[in-house]
Amino acid sequence: MRRSVVALSLVTGLLMTPFIPLHRAEAALGEPAASVAVDRKALSASQRAAAPRKGYSVQELVTGGNTVREYITPSGIVFAVAWNGVSHPDLTPLLGSYLTEYKQALRQSPRQRGQRRFQVQGNRVVVEKWGHMRNLQGRAYVPALIPTGVTINEIK
């Protein structure tokens with residue numbers, strides 16, 4: 001009897017999975033940043049106030065030992081994302097429509113063992129990762145979307 005209840009619960013859970021809405025924790029590169037506040041509530045993450053800078057603003061999302069910073073143009077488009085924490089984040093929601101290009105460039109990049117810094121450059125997107133255990137960092141940006149007067153070194 002107990003096994004049938006467990007099996008029924010498992011089957012019901014699998015059947016209901018397609019109807020559960022998926023929430024992204026971050027706004028994706030090249031997309032509007034408006035979805036971050038809604039996602040913060042869904043994930044029980046904390047979001048720090050947007051920090052205005054010269055030519056852009058930064059929104060910060062803190063969850064599970066990691067911090068993700070989104071760099072946003074004055075028109076509200078995410079042009080870069082940076083992170084640091086105990087692990088690298090899943091790049092799928094961060095890169096959005098640039099994910100396929102990143103994966104293609106990653107496959108074509110020669111593998112370098114023992115390197116603590118790694119850069120993958122596609123035609124439209126650049127992804128860099130570096131760090132060591134429990135202090136992993138990185139950034140992804142679209143050079144064409146970076147506002148005038150903003151340097152890559154400001155993305156950290």
# chains A, B, ... in the order shown; residues from 1 in each chain; ligands from 1

call {"tool": "select_by_dssp", "arguments": {"residues": "range 23-108 of chain A", "states": "alpha helix (DSSP H)", "output": "NGL selection string"}}
result
:A and (36-43 or 91-95 or 99-108)

call {"tool": "residues_around", "arguments": {"residues": "Val81 in chain A", "least_positions_apart": "2", "cutoff": "6 Å", "atoms": "only C-alpha atoms", "output": "list in words"}}
result
Arg69, Glu70, Tyr71, Arg139 and Ala140 of chain A

call {"tool": "closest_residue", "arguments": {"among": "A:Thr151, A:Gln104, A:Ser97, A:Asn84", "to": "Gly131 in chain A", "atoms": "only C-alpha atoms"}}
result
A:Asn84

call {"tool": "residues_around", "arguments": {"residues": "Arg53 in chain A", "least_positions_apart": "2", "cutoff": "12 Å", "atoms": "only C-alpha atoms", "output": "list in words"}}
result
Ala50, Ala51, Gly55, Tyr56, Ser57, Val58, Gln59, Tyr71, Ile72, Thr73, Pro74, Pro147, Gly149, Val150, Glu154 and Ile155 of chain A

call {"tool": "write_last_selection", "arguments": {"atoms": "N, CA and C atoms", "output": "CSV table (one decimal), in the first residue's frame"}}
result
chain,number,residue,atom,x,y,z
A,50,ALA,N,19.1,49.5,-6.8
A,50,ALA,CA,19.9,49.8,-8.0
A,50,ALA,C,20.8,51.0,-7.7
A,51,ALA,N,22.1,50.8,-8.1
A,51,ALA,CA,23.1,51.9,-7.8
A,51,ALA,C,23.3,52.6,-9.1
A,55,GLY,N,26.2,56.8,-16.8
A,55,GLY,CA,25.9,56.1,-18.0
A,55,GLY,C,25.3,54.7,-17.9
A,56,TYR,N,25.1,54.3,-16.6
A,56,TYR,CA,24.4,53.0,-16.4
A,56,TYR,C,24.0,52.8,-15.0
A,57,SER,N,23.3,51.8,-14.7
A,57,SER,CA,22.9,51.5,-13.3
A,57,SER,C,23.2,50.0,-13.0
A,58,VAL,N,23.3,49.6,-11.8
A,58,VAL,CA,23.7,48.2,-11.4
A,58,VAL,C,22.6,47.7,-10.4
A,59,GLN,N,22.0,46.6,-10.8
A,59,GLN,CA,21.1,45.9,-9.8
A,59,GLN,C,21.8,44.6,-9.3
A,71,TYR,N,24.3,45.0,-15.2
A,71,TYR,CA,24.6,46.4,-15.6
A,71,TYR,C,23.6,46.8,-16.7
A,72,ILE,N,22.9,47.9,-16.4
A,72,ILE,CA,21.7,48.3,-17.2
A,72,ILE,C,21.9,49.7,-17.8
A,73,THR,N,21.6,49.8,-19.1
A,73,THR,CA,21.7,51.0,-19.8
A,73,THR,C,20.6,52.0,-19.3
A,74,PRO,N,20.8,53.3,-19.6
A,74,PRO,CA,19.7,54.2,-19.2
A,74,PRO,C,18.3,53.9,-19.8
A,147,PRO,N,27.4,51.2,-23.1
A,147,PRO,CA,27.2,52.6,-23.3
A,147,PRO,C,28.5,53.4,-23.5
A,149,GLY,N,31.5,55.7,-23.1
A,149,GLY,CA,32.1,56.2,-21.8
A,149,GLY,C,32.3,55.2,-20.8
A,150,VAL,N,31.7,54.0,-20.9
A,150,VAL,CA,31.8,52.9,-19.9
A,150,VAL,C,32.9,52.0,-20.4
A,154,GLU,N,34.9,48.4,-15.6
A,154,GLU,CA,33.9,48.8,-14.7
A,154,GLU,C,32.9,47.6,-14.4
A,155,ILE,N,33.0,46.6,-15.2
A,155,ILE,CA,32.1,45.4,-15.1
A,155,ILE,C,32.8,44.4,-14.2

call {"tool": "residues_around", "arguments": {"residues": "range 106-110 of chain A", "least_positions_apart": "6", "cutoff": "9 Å", "atoms": "only C-alpha atoms", "output": "VMD selection string"}}
result
chain A and resid 119 to 122

call {"tool": "write_last_selection", "arguments": {"atoms": "N, CA and C atoms", "output": "compact mmCIF listing (two decimals), in the first residue's frame"}}
result
# COMPACT_ATOMS: atom_id res chain seq x y z
N GLN A 119 38.52 32.82 -20.99
CA GLN A 119 37.72 33.77 -21.77
C GLN A 119 37.22 33.09 -23.03
N VAL A 120 35.94 33.28 -23.30
CA VAL A 120 35.32 32.79 -24.53
C VAL A 120 34.74 34.01 -25.23
N GLN A 121 35.16 34.21 -26.47
CA GLN A 121 34.70 35.37 -27.21
C GLN A 121 33.98 34.91 -28.47
N GLY A 122 32.69 35.23 -28.53
CA GLY A 122 31.90 34.96 -29.72
C GLY A 122 31.87 36.20 -30.60

call {"tool": "atom_distance", "arguments": {"atom1": "CA of Glu128 in chain A", "atom2": "CA of Val78 in chain A"}}
result
16.8 Å

call {"tool": "residues_around", "arguments": {"residues": "range 60-63 of chain A", "least_positions_apart": "3", "cutoff": "7 Å", "atoms": "only C-alpha atoms", "output": "ChimeraX atom specification"}}
result
/A:45-48,66-70

call {"tool": "atom_distance", "arguments": {"atom1": "CA of Ser75 in chain A", "atom2": "CA of Leu99 in chain A"}}
result
22.8 Å
